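Source file: model.pdb. Holds: PDB, C-alpha atoms.
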ATOM      1  CA  MET A   1      38.994  24.978 -15.764
ATOM      2  CA  LEU A   2      36.344  27.710 -15.896
ATOM      3  CA  LEU A   3      33.540  28.183 -18.388
ATOM      4  CA  LYS A   4      34.842  31.726 -18.836
ATOM      5  CA  GLN A   5      38.168  30.355 -20.060
ATOM      6  CA  MET A   6      36.386  28.113 -22.539
ATOM      7  CA  ARG A   7      34.243  31.004 -23.781
ATOM      8  CA  TYR A   8      37.260  33.283 -24.223
ATOM      9  CA  PHE A   9      39.224  30.607 -26.069
ATOM     10  CA  CYS A  10      36.311  29.847 -28.433
ATOM     11  CA  ALA A  11      35.752  33.580 -28.965
ATOM     12  CA  VAL A  12      39.388  33.996 -30.046
ATOM     13  CA  VAL A  13      39.128  31.116 -32.501
ATOM     14  CA  ASP A  14      35.763  32.298 -33.866
ATOM     15  CA  ALA A  15      37.012  35.877 -34.285
ATOM     16  CA  GLY A  16      40.380  34.845 -35.708
ATOM     17  CA  GLY A  17      42.341  36.969 -33.270
ATOM     18  CA  PHE A  18      42.601  38.270 -29.711
ATOM     19  CA  THR A  19      41.906  41.924 -30.548
ATOM     20  CA  ARG A  20      38.744  41.240 -32.540
ATOM     21  CA  ALA A  21      37.502  38.761 -29.905
ATOM     22  CA  ALA A  22      38.036  41.354 -27.176
ATOM     23  CA  ASP A  23      35.996  43.897 -29.133
ATOM     24  CA  GLU A  24      33.179  41.427 -29.779
ATOM     25  CA  ILE A  25      32.728  40.330 -26.165
ATOM     26  CA  TYR A  26      33.555  43.726 -24.614
ATOM     27  CA  VAL A  27      36.591  42.817 -22.518
ATOM     28  CA  SER A  28      40.214  43.872 -22.704
ATOM     29  CA  GLN A  29      42.686  42.020 -24.902
ATOM     30  CA  SER A  30      44.924  41.425 -21.917
ATOM     31  CA  ALA A  31      42.057  39.747 -20.035
ATOM     32  CA  ILE A  32      41.462  37.337 -22.894
ATOM     33  CA  SER A  33      45.163  36.608 -23.286
ATOM     34  CA  GLN A  34      45.501  35.892 -19.558
ATOM     35  CA  GLN A  35      42.501  33.547 -19.492
ATOM     36  CA  VAL A  36      43.617  31.600 -22.568
ATOM     37  CA  GLY A  37      47.124  31.345 -21.132
ATOM     38  CA  ALA A  38      45.718  30.131 -17.808
ATOM     39  CA  LEU A  39      43.634  27.540 -19.669
ATOM     40  CA  GLU A  40      46.688  26.172 -21.466
ATOM     41  CA  LYS A  41      48.634  26.094 -18.210
ATOM     42  CA  GLU A  42      45.888  24.197 -16.406
ATOM     43  CA  LEU A  43      45.534  21.675 -19.218
ATOM     44  CA  GLY A  44      49.280  21.344 -19.574
ATOM     45  CA  VAL A  45      49.059  21.544 -23.371
ATOM     46  CA  GLN A  46      49.517  24.202 -26.037
ATOM     47  CA  LEU A  47      46.260  25.057 -27.802
ATOM     48  CA  LEU A  48      47.533  27.842 -30.085
ATOM     49  CA  ASN A  49      50.677  28.274 -32.161
ATOM     50  CA  ARG A  50      51.242  32.023 -31.819
ATOM     51  CA  LYS A  51      52.976  33.900 -34.630
ATOM     52  CA  GLY A  52      53.073  37.594 -33.800
ATOM     53  CA  ARG A  53      49.484  38.793 -33.909
ATOM     54  CA  SER A  54      48.238  35.667 -35.700
ATOM     55  CA  PHE A  55      47.898  32.068 -34.588
ATOM     56  CA  THR A  56      47.021  28.581 -35.737
ATOM     57  CA  LEU A  57      45.361  25.833 -33.753
ATOM     58  CA  THR A  58      47.382  22.864 -32.611
ATOM     59  CA  ALA A  59      45.848  19.414 -32.965
ATOM     60  CA  ALA A  60      44.908  19.588 -29.293
ATOM     61  CA  GLY A  61      43.497  23.069 -29.841
ATOM     62  CA  GLU A  62      41.284  21.921 -32.701
ATOM     63  CA  HIS A  63      39.895  19.091 -30.565
ATOM     64  CA  PHE A  64      39.334  21.332 -27.573
ATOM     65  CA  TYR A  65      37.623  23.976 -29.705
ATOM     66  CA  ARG A  66      35.148  21.498 -31.218
ATOM     67  CA  ARG A  67      34.227  19.935 -27.889
ATOM     68  CA  ALA A  68      34.186  23.209 -25.969
ATOM     69  CA  SER A  69      31.878  24.806 -28.554
ATOM     70  CA  ARG A  70      29.398  21.977 -28.121
ATOM     71  CA  ILE A  71      29.590  22.135 -24.339
ATOM     72  CA  LEU A  72      29.006  25.881 -24.339
ATOM     73  CA  ASP A  73      25.986  25.465 -26.630
ATOM     74  CA  GLU A  74      24.556  22.905 -24.209
ATOM     75  CA  VAL A  75      25.231  25.194 -21.230
ATOM     76  CA  ASP A  76      23.437  28.041 -22.995
ATOM     77  CA  ALA A  77      20.509  25.772 -23.876
ATOM     78  CA  LEU A  78      20.304  24.535 -20.291
ATOM     79  CA  GLN A  79      20.242  28.106 -19.032
ATOM     80  CA  ARG A  80      17.442  29.070 -21.418
ATOM     81  CA  GLU A  81      15.388  25.978 -20.568
ATOM     82  CA  THR A  82      15.767  26.545 -16.825
ATOM     83  CA  ILE A  83      14.725  30.189 -17.095
ATOM     84  CA  ASP A  84      11.769  29.247 -19.312
ATOM     85  CA  LEU A  85      10.609  26.675 -16.791
ATOM     86  CA  ALA A  86      10.962  29.086 -13.892
ATOM     87  CA  HIS A  87       8.931  31.769 -15.646
ATOM     88  CA  GLY A  88       6.413  29.415 -17.220
ATOM     89  CA  GLU A  89       7.355  30.641 -20.678
ATOM     90  CA  THR A  90       6.779  28.596 -23.811
ATOM     91  CA  SER A  91       9.592  26.387 -25.031
ATOM     92  CA  VAL A  92       9.644  24.471 -28.280
ATOM     93  CA  LEU A  93      10.469  20.883 -29.169
ATOM     94  CA  ARG A  94      11.026  20.380 -32.909
ATOM     95  CA  PHE A  95      10.047  16.931 -34.155
ATOM     96  CA  GLY A  96      10.369  15.394 -37.615
ATOM     97  CA  TYR A  97       8.387  12.328 -38.656
ATOM     98  CA  LEU A  98       8.220  10.092 -41.706
ATOM     99  CA  ASN A  99       5.580  11.343 -44.116
ATOM    100  CA  ARG A 100       4.401   7.897 -45.232
ATOM    101  CA  TYR A 101       3.886   6.263 -41.830
ATOM    102  CA  ASP A 102       0.255   5.320 -41.239
ATOM    103  CA  GLY A 103      -0.493   5.105 -37.524
ATOM    104  CA  TRP A 104      -1.810   7.005 -34.518
ATOM    105  CA  GLU A 105       1.323   6.760 -32.356
ATOM    106  CA  VAL A 106       3.106   9.864 -33.658
ATOM    107  CA  ALA A 107       0.167  12.172 -32.948
ATOM    108  CA  GLY A 108      -0.367  10.320 -29.663
ATOM    109  CA  ALA A 109       3.198  11.026 -28.561
ATOM    110  CA  VAL A 110       2.830  14.738 -29.335
ATOM    111  CA  ALA A 111      -0.414  14.925 -27.367
ATOM    112  CA  ALA A 112       1.020  13.007 -24.396
ATOM    113  CA  PHE A 113       4.121  15.208 -24.269
ATOM    114  CA  VAL A 114       2.160  18.453 -24.353
ATOM    115  CA  ARG A 115      -0.171  17.187 -21.611
ATOM    116  CA  ARG A 116       2.880  16.583 -19.409
ATOM    117  CA  HIS A 117       4.456  19.929 -20.320
ATOM    118  CA  PRO A 118       1.701  22.479 -20.975
ATOM    119  CA  HIS A 119       4.282  25.288 -21.072
ATOM    120  CA  MET A 120       5.829  23.757 -24.200
ATOM    121  CA  THR A 121       4.817  23.454 -27.827
ATOM    122  CA  VAL A 122       5.815  20.783 -30.334
ATOM    123  CA  GLU A 123       6.594  21.914 -33.861
ATOM    124  CA  SER A 124       6.167  18.932 -36.212
ATOM    125  CA  PHE A 125       7.685  18.486 -39.650
ATOM    126  CA  ALA A 126       6.761  15.696 -42.075
ATOM    127  CA  GLY A 127       9.410  14.536 -44.521
ATOM    128  CA  SER A 128      11.000  11.679 -46.406
ATOM    129  CA  HIS A 129      13.847   9.665 -44.891
ATOM    130  CA  ASP A 130      16.666  11.801 -46.313
ATOM    131  CA  THR A 131      14.870  15.075 -45.592
ATOM    132  CA  LEU A 132      14.554  14.088 -41.932
ATOM    133  CA  ARG A 133      18.221  13.099 -41.760
ATOM    134  CA  GLU A 134      19.246  16.488 -43.143
ATOM    135  CA  LEU A 135      16.961  18.350 -40.728
ATOM    136  CA  LEU A 136      18.439  16.425 -37.806
ATOM    137  CA  THR A 137      22.115  16.782 -38.693
ATOM    138  CA  SER A 138      21.692  20.497 -39.460
ATOM    139  CA  GLY A 139      19.999  21.115 -36.101
ATOM    140  CA  GLN A 140      16.671  22.192 -37.594
ATOM    141  CA  VAL A 141      14.816  19.526 -35.594
ATOM    142  CA  ASP A 142      15.579  18.053 -32.171
ATOM    143  CA  LEU A 143      14.611  14.456 -32.949
ATOM    144  CA  THR A 144      13.079  12.397 -35.723
ATOM    145  CA  PHE A 145      10.933   9.318 -36.180
ATOM    146  CA  SER A 146      12.040   7.435 -39.275
ATOM    147  CA  ASP A 147      12.974   4.116 -40.819
ATOM    148  CA  ARG A 148      16.458   2.686 -41.148
ATOM    149  CA  ARG A 149      18.047   2.668 -44.597
ATOM    150  CA  ARG A 150      21.767   2.781 -43.883
ATOM    151  CA  THR A 151      24.360   2.238 -41.167
ATOM    152  CA  LEU A 152      23.147   3.748 -37.930
ATOM    153  CA  HIS A 153      24.271   7.272 -37.067
ATOM    154  CA  ALA A 154      27.397   7.006 -34.897
ATOM    155  CA  GLU A 155      26.883  10.477 -33.405
ATOM    156  CA  ALA A 156      23.192   9.987 -32.675
ATOM    157  CA  VAL A 157      21.069   8.146 -30.167
ATOM    158  CA  ASN A 158      19.284   5.428 -32.145
ATOM    159  CA  LEU A 159      16.260   4.365 -30.090
ATOM    160  CA  PRO A 160      14.563   1.246 -31.527
ATOM    161  CA  LEU A 161      10.772   1.496 -31.731
ATOM    162  CA  PHE A 162       9.313  -1.332 -33.805
ATOM    163  CA  MET A 163       9.570  -3.479 -36.909
ATOM    164  CA  GLY A 164       7.373  -2.180 -39.716
ATOM    165  CA  TYR A 165       5.650  -4.628 -42.056
ATOM    166  CA  ASP A 166       5.469  -3.823 -45.776
ATOM    167  CA  TYR A 167       2.192  -3.683 -47.696
ATOM    168  CA  ILE A 168       0.791  -2.182 -50.831
ATOM    169  CA  GLU A 169      -2.551  -0.439 -50.981
ATOM    170  CA  VAL A 170      -4.617  -0.770 -54.145
ATOM    171  CA  SER A 171      -8.118   0.069 -55.228
ATOM    172  CA  GLU A 172     -10.673  -2.699 -54.823
ATOM    173  CA  ALA A 173     -11.224  -2.218 -58.555
ATOM    174  CA  SER A 174      -7.587  -3.068 -59.348
ATOM    175  CA  PRO A 175      -6.746  -6.574 -60.658
ATOM    176  CA  LEU A 176      -4.113  -6.712 -57.883
ATOM    177  CA  ALA A 177      -6.902  -6.654 -55.281
ATOM    178  CA  ARG A 178      -7.555 -10.332 -55.968
ATOM    179  CA  HIS A 179      -4.096 -11.288 -54.629
ATOM    180  CA  GLU A 180      -3.708 -12.464 -51.032
ATOM    181  CA  THR A 181      -0.032 -11.443 -51.147
ATOM    182  CA  VAL A 182       2.247  -9.866 -53.746
ATOM    183  CA  THR A 183       5.992  -9.778 -54.417
ATOM    184  CA  VAL A 184       8.045  -7.011 -55.953
ATOM    185  CA  ALA A 185       8.134  -9.037 -59.174
ATOM    186  CA  ASP A 186       4.316  -9.123 -59.261
ATOM    187  CA  LEU A 187       4.351  -5.336 -59.504
ATOM    188  CA  ASN A 188       6.542  -5.116 -62.605
ATOM    189  CA  GLY A 189       4.914  -2.842 -65.151
ATOM    190  CA  GLN A 190       2.632  -1.227 -62.556
ATOM    191  CA  THR A 191       2.901   2.335 -61.256
ATOM    192  CA  GLY A 192       3.973   2.989 -57.677
ATOM    193  CA  ILE A 193       3.120   6.082 -55.676
ATOM    194  CA  LEU A 194       5.878   7.604 -53.554
ATOM    195  CA  ILE A 195       5.442  10.406 -51.039
ATOM    196  CA  ALA A 196       8.176  13.036 -51.277
ATOM    197  CA  ALA A 197       8.844  16.747 -51.584
ATOM    198  CA  PRO A 198      10.022  17.915 -55.031
ATOM    199  CA  ASP A 199      13.683  18.114 -54.004
ATOM    200  CA  GLN A 200      13.600  14.533 -52.701
ATOM    201  CA  GLU A 201      11.937  12.843 -55.653
ATOM    202  CA  ASP A 202      15.170  11.571 -57.231
ATOM    203  CA  VAL A 203      16.422  10.166 -53.900
ATOM    204  CA  GLU A 204      13.156   8.351 -53.222
ATOM    205  CA  ARG A 205      12.934   7.024 -56.783
ATOM    206  CA  THR A 206      16.484   5.643 -56.558
ATOM    207  CA  PHE A 207      15.788   3.914 -53.245
ATOM    208  CA  PHE A 208      12.505   2.485 -54.516
ATOM    209  CA  GLN A 209      13.886   1.166 -57.785
ATOM    210  CA  ASP A 210      17.554   0.384 -57.074
ATOM    211  CA  THR A 211      17.511  -0.624 -53.409
ATOM    212  CA  MET A 212      14.012  -2.086 -53.064
ATOM    213  CA  GLY A 213      14.128  -3.567 -56.565
ATOM    214  CA  PHE A 214      10.837  -2.268 -57.958
ATOM    215  CA  HIS A 215      10.923  -2.323 -61.762
ATOM    216  CA  CYS A 216       7.990  -0.060 -62.425
ATOM    217  CA  ASP A 217       7.057   3.518 -63.104
ATOM    218  CA  VAL A 218       6.806   6.049 -60.278
ATOM    219  CA  VAL A 219       4.516   8.981 -59.602
ATOM    220  CA  PHE A 220       4.697  11.295 -56.604
ATOM    221  CA  ALA A 221       2.315  12.615 -53.986
ATOM    222  CA  ARG A 222       3.075  15.183 -51.298
ATOM    223  CA  THR A 223       0.979  13.626 -48.521
ATOM    224  CA  ILE A 224      -0.415  10.211 -47.652
ATOM    225  CA  GLU A 225      -3.933  11.589 -48.135
ATOM    226  CA  GLU A 226      -3.086  12.680 -51.675
ATOM    227  CA  ALA A 227      -1.491   9.279 -52.356
ATOM    228  CA  ARG A 228      -4.635   7.452 -51.258
ATOM    229  CA  MET A 229      -6.765   9.581 -53.559
ATOM    230  CA  MET A 230      -4.504   8.417 -56.380
ATOM    231  CA  VAL A 231      -4.947   4.799 -55.242
ATOM    232  CA  ALA A 232      -8.710   5.267 -55.271
ATOM    233  CA  GLY A 233      -8.401   6.147 -58.937
ATOM    234  CA  GLY A 234      -7.516   2.506 -59.532
ATOM    235  CA  ARG A 235      -4.372   2.897 -61.642
ATOM    236  CA  ASN A 236      -1.585   2.912 -59.037
ATOM    237  CA  PHE A 237      -0.364   1.153 -55.899
ATOM    238  CA  LEU A 238       0.975   2.704 -52.709
ATOM    239  CA  PRO A 239       3.841   1.024 -50.797
ATOM    240  CA  ILE A 240       3.209   1.476 -47.094
ATOM    241  CA  GLU A 241       4.486   0.194 -43.761
ATOM    242  CA  THR A 242       2.660  -0.346 -40.476
ATOM    243  CA  ARG A 243       3.591  -1.963 -37.183
ATOM    244  CA  SER A 244       0.826  -4.592 -37.349
ATOM    245  CA  GLN A 245       0.334  -7.573 -39.642
ATOM    246  CA  GLU A 246      -3.236  -6.861 -40.641
ATOM    247  CA  LYS A 247      -5.017  -6.552 -43.942
ATOM    248  CA  ARG A 248      -7.303  -3.626 -44.491
ATOM    249  CA  SER A 249     -10.210  -4.280 -46.813
ATOM    250  CA  GLY A 250     -13.079  -2.070 -47.759
ATOM    251  CA  PHE A 251     -15.163  -0.801 -50.625
ATOM    252  CA  ILE A 252     -12.405   1.533 -51.833
ATOM    253  CA  ILE A 253      -8.895   0.407 -50.801
ATOM    254  CA  ARG A 254      -7.395  -2.970 -49.989
ATOM    255  CA  ARG A 255      -4.095  -3.527 -48.179
ATOM    256  CA  ILE A 256      -2.042  -6.533 -49.356
ATOM    257  CA  PRO A 257       1.138  -7.942 -47.686
ATOM    258  CA  LEU A 258       4.315  -7.436 -49.705
ATOM    259  CA  ASN A 259       6.439 -10.599 -49.508
ATOM    260  CA  ASP A 260       9.917 -11.616 -50.591
ATOM    261  CA  VAL A 261      10.599 -14.520 -52.957
ATOM    262  CA  ASN A 262      10.545 -16.945 -49.997
ATOM    263  CA  GLY A 263       7.042 -15.926 -48.986
ATOM    264  CA  ASP A 264       8.122 -13.909 -45.926
ATOM    265  CA  GLN A 265       6.679 -10.465 -45.454
ATOM    266  CA  LEU A 266       9.182  -7.648 -46.026
ATOM    267  CA  ARG A 267      10.003  -5.570 -42.952
ATOM    268  CA  HIS A 268      11.873  -2.410 -42.006
ATOM    269  CA  GLU A 269      13.161  -1.120 -38.670
ATOM    270  CA  TYR A 270      11.895   2.148 -37.220
ATOM    271  CA  TYR A 271      13.721   4.364 -34.724
ATOM    272  CA  ALA A 272      13.696   7.652 -32.921
ATOM    273  CA  PHE A 273      16.923   9.534 -33.665
ATOM    274  CA  TRP A 274      18.553  12.503 -31.984
ATOM    275  CA  LEU A 275      22.105  13.850 -31.825
ATOM    276  CA  ARG A 276      24.004  12.943 -28.668
ATOM    277  CA  GLU A 277      25.503  16.419 -28.429
ATOM    278  CA  ARG A 278      22.028  17.964 -28.346
ATOM    279  CA  THR A 279      20.474  15.559 -25.858
ATOM    280  CA  ASN A 280      18.316  17.119 -23.159
ATOM    281  CA  PRO A 281      15.646  15.731 -20.796
ATOM    282  CA  TYR A 282      12.780  16.856 -23.066
ATOM    283  CA  ILE A 283      14.144  15.023 -26.111
ATOM    284  CA  GLU A 284      14.799  11.882 -24.070
ATOM    285  CA  GLU A 285      11.294  11.994 -22.592
ATOM    286  CA  PHE A 286       9.675  12.382 -26.002
ATOM    287  CA  GLY A 287      11.670   9.413 -27.276
ATOM    288  CA  THR A 288      10.544   7.357 -24.285
ATOM    289  CA  ILE A 289       6.904   8.258 -24.942
ATOM    290  CA  LEU A 290       7.242   7.089 -28.544
ATOM    291  CA  GLN A 291       8.796   3.825 -27.369
ATOM    292  CA  GLU A 292       6.041   3.258 -24.817
ATOM    293  CA  LEU A 293       3.261   3.874 -27.347
ATOM    294  CA  PHE A 294       4.760   1.560 -29.939
ATOM    295  CA  SER A 295       5.329  -1.139 -27.315
ATOM    296  CA  GLN A 296       1.565  -1.256 -26.684
ATOM    297  CA  SER A 297       1.061  -3.026 -30.002
ATOM    298  CA  ASN A 298      -0.361  -6.539 -29.819
ATOM    299  CA  SER A 299       1.368  -7.471 -33.067
ATOM    300  CA  PRO A 300       4.572  -9.515 -33.148
ATOM    301  CA  ALA A 301       6.516  -6.431 -34.142
ATOM    302  CA  SER A 302      10.097  -6.482 -32.995
ATOM    303  CA  SER A 303      12.448  -3.827 -31.588
ATOM    304  CA  ASP A 304      15.464  -6.030 -31.000
ATOM    305  CA  HIS A 305      17.805  -4.045 -33.221
ATOM    306  CA  THR A 306      19.701  -0.834 -32.632
ATOM    307  CA  ASP A 307      20.505   1.936 -35.091
TER     308      ASP A 307
END
Could you quickly redo this structure as structure tokens?
Amino acid sequence: MLLKQMRYFCAVVDAGGFTRAADEIYVSQSAISQQVGALEKELGVQLLNRKGRSFTLTAAGEHFYRRASRILDEVDALQRETIDLAHGETSVLRFGYLNRYDGWEVAGAVAAFVRRHPHMTVESFAGSHDTLRELLTSGQVDLTFSDRRRTLHAEAVNLPLFMGYDYIEVSEASPLARHETVTVADLNGQTGILIAAPDQEDVERTFFQDTMGFHCDVVFARTIEEARMMVAGGRNFLPIETRSQEKRSGFIIRRIPLNDVNGDQLRHEYYAFWLRERTNPYIEEFGTILQELFSQSNSPASSDHTD
């Protein structure tokens, strides 16, 4: 089976006919017909149900078209990457990260990757959980760093990184600052700050209130810096997760562990995600760098789970 046969077959399906496909890829109709026929003969299966000048895909044809399209995309990407490397031209890795994570590891991974590959650039996009999932599945980013909220993505690599511990940050002037720990129930009637883009506010509010069980008002910030300015005002609290079990105290903001009703600190799993069909050595290496940086933590954070 030749790549040319796969390309011709996919071109016919994409164009909706042999004549239009021939015009689009500048070959004769007979050449395309011969190659598609040879492909079916080699596979020993019928891919197209021909009806005069029209056709429909068989079940086998639909499967072959989906897989072949992905393979051809990967072949094209491999060709571009190889040529870029040979000519020292700039390539791009697109990376999405959770907008509320507070830690140095994400920036550290970007810096480490670029040091290893000076011919490449990393385009970074901050977003909420669902924004990152949409960017990944639509192909707008190559990989993401995010928390786990649902069943792990069956078509993605789910690389475990660490277990994040839940806290709230409050102003030292807030009555909550006197607590050594708090529960969700302790925050009833308070106002929580969530970080989300305008089109993700409803999704984040639903997760916060219905899934996490917070029975309180919500206000929104666009960045973690903006959220902390709101905390400094003394009227709100900021839910936050880090990989270490440490309190942060100061003259402005205090970090307090968020516990469940049994007194155990709430936790969430964090992963690097990327689509299996888009895997390449650069994406895998960036994921490995993230894993190595998070493994350097001295905290009892865990990465025993898979997404």
| request: Grab the atom CA of A:Phe145 to atom CA of A:Tyr270 distance for me, in Å with one decimal place. | output: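 Answer for the atom CA of A:Phe145 to atom CA of A:Tyr270 separation: 7.3 Å.
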| said: Could you check the closest approach to A:Asp14 for each of A:Val261, A:Leu39, A:Val27, A:Leu57 and tell me which residue wins, using all atoms listed in the file? | reply: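 Among A:Val261, A:Leu39, A:Val27, A:Leu57, it is A:Leu57 that comes nearest to A:Asp14.
Compared by their closest atoms to A:Val92, and using only C-alpha atoms, the residues A:Cys216, A:Val13, A:Val122, A:Ala109 rank with A:Val122 nearest.
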| query | Could you name the residues that touch A:Glu155 at 9 Å or less, counting all atoms listed in the file, but leaving out those on the same chain fewer than 3 positions away, as a list in words? | reply |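 After dropping sequence-adjacent residues, the list is Leu152, Trp274, Leu275, Arg276 and Glu277 of chain A.
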Distance query stretch 166-175 of chain A at most 10 Å, only C-alpha atoms, self and fewer than 2 positions along chain excluded, as a PDB file with C-alpha atoms, keeping the file's coordinate frame:
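Final output, selection_0.pdb:
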ATOM      1  CA  MET A 163       9.570  -3.479 -36.909  1.00  0.00           C
ATOM      2  CA  GLY A 164       7.373  -2.180 -39.716  1.00  0.00           C
ATOM      3  CA  ALA A 177      -6.902  -6.654 -55.281  1.00  0.00           C
ATOM      4  CA  ARG A 178      -7.555 -10.332 -55.968  1.00  0.00           C
ATOM      5  CA  HIS A 179      -4.096 -11.288 -54.629  1.00  0.00           C
ATOM      6  CA  THR A 181      -0.032 -11.443 -51.147  1.00  0.00           C
ATOM      7  CA  VAL A 182       2.247  -9.866 -53.746  1.00  0.00           C
ATOM      8  CA  THR A 183       5.992  -9.778 -54.417  1.00  0.00           C
ATOM      9  CA  LEU A 187       4.351  -5.336 -59.504  1.00  0.00           C
ATOM     10  CA  GLY A 192       3.973   2.989 -57.677  1.00  0.00           C
ATOM     11  CA  ILE A 193       3.120   6.082 -55.676  1.00  0.00           C
ATOM     12  CA  ALA A 227      -1.491   9.279 -52.356  1.00  0.00           C
ATOM     13  CA  ARG A 228      -4.635   7.452 -51.258  1.00  0.00           C
ATOM     14  CA  MET A 229      -6.765   9.581 -53.559  1.00  0.00           C
ATOM     15  CA  MET A 230      -4.504   8.417 -56.380  1.00  0.00           C
ATOM     16  CA  VAL A 231      -4.947   4.799 -55.242  1.00  0.00           C
ATOM     17  CA  ALA A 232      -8.710   5.267 -55.271  1.00  0.00           C
ATOM     18  CA  GLY A 233      -8.401   6.147 -58.937  1.00  0.00           C
ATOM     19  CA  GLY A 234      -7.516   2.506 -59.532  1.00  0.00           C
ATOM     20  CA  ARG A 235      -4.372   2.897 -61.642  1.00  0.00           C
ATOM     21  CA  ASN A 236      -1.585   2.912 -59.037  1.00  0.00           C
ATOM     22  CA  PHE A 237      -0.364   1.153 -55.899  1.00  0.00           C
ATOM     23  CA  LEU A 238       0.975   2.704 -52.709  1.00  0.00           C
ATOM     24  CA  PRO A 239       3.841   1.024 -50.797  1.00  0.00           C
ATOM     25  CA  ILE A 240       3.209   1.476 -47.094  1.00  0.00           C
ATOM     26  CA  GLU A 241       4.486   0.194 -43.761  1.00  0.00           C
ATOM     27  CA  THR A 242       2.660  -0.346 -40.476  1.00  0.00           C
ATOM     28  CA  ARG A 243       3.591  -1.963 -37.183  1.00  0.00           C
ATOM     29  CA  SER A 244       0.826  -4.592 -37.349  1.00  0.00           C
ATOM     30  CA  GLN A 245       0.334  -7.573 -39.642  1.00  0.00           C
ATOM     31  CA  GLU A 246      -3.236  -6.861 -40.641  1.00  0.00           C
ATOM     32  CA  LYS A 247      -5.017  -6.552 -43.942  1.00  0.00           C
ATOM     33  CA  ARG A 248      -7.303  -3.626 -44.491  1.00  0.00           C
ATOM     34  CA  SER A 249     -10.210  -4.280 -46.813  1.00  0.00           C
ATOM     35  CA  GLY A 250     -13.079  -2.070 -47.759  1.00  0.00           C
ATOM     36  CA  PHE A 251     -15.163  -0.801 -50.625  1.00  0.00           C
ATOM     37  CA  ILE A 252     -12.405   1.533 -51.833  1.00  0.00           C
ATOM     38  CA  ILE A 253      -8.895   0.407 -50.801  1.00  0.00           C
ATOM     39  CA  ARG A 254      -7.395  -2.970 -49.989  1.00  0.00           C
ATOM     40  CA  ARG A 255      -4.095  -3.527 -48.179  1.00  0.00           C
ATOM     41  CA  ILE A 256      -2.042  -6.533 -49.356  1.00  0.00           C
ATOM     42  CA  PRO A 257       1.138  -7.942 -47.686  1.00  0.00           C
ATOM     43  CA  LEU A 258       4.315  -7.436 -49.705  1.00  0.00           C
ATOM     44  CA  ASN A 259       6.439 -10.599 -49.508  1.00  0.00           C
ATOM     45  CA  GLN A 265       6.679 -10.465 -45.454  1.00  0.00           C
ATOM     46  CA  LEU A 266       9.182  -7.648 -46.026  1.00  0.00           C
ATOM     47  CA  ARG A 267      10.003  -5.570 -42.952  1.00  0.00           C
ATOM     48  CA  HIS A 268      11.873  -2.410 -42.006  1.00  0.00           C
TER      49      HIS A 268
END
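Atom CA of A:Asp264 is positioned 27.2 Å from atom CA of A:Val106.
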| task | Specify as an MDAnalysis selection string each residue included when the PyMOL selection byres ((chain A and resi 143) around 6) is applied to this file. | result | chainID A and resid 95 141:142 144 273:274
| field | Separation of atom CA of A:Ser69 from atom CA of A:Thr137, in Å and rounded to one decimal | value |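 Computing it gives 16.2 Å between the two atoms.
Proximity of A:Ala111, A:Gly127, A:Phe162, A:Lys4 to A:Glu204, computed with only C-alpha atoms, is greatest for A:Gly127.
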Enclose all atoms of stretch 179-195 of chain A listed in the file in an axis-aligned box, grow every side by 8 Å, and hand back centre and edge lengths in Å to one decimal, as JSON.
{"center_x": 2.0, "center_y": -1.0, "center_z": -58.1, "size_x": 28.2, "size_y": 38.9, "size_z": 30.1}
| field | Nearby residues, (42.3, 32.7, -36.6) file frame, 8 Å, all atoms listed in the file, as number ranges by chain | value | A: 12-17, 54-56
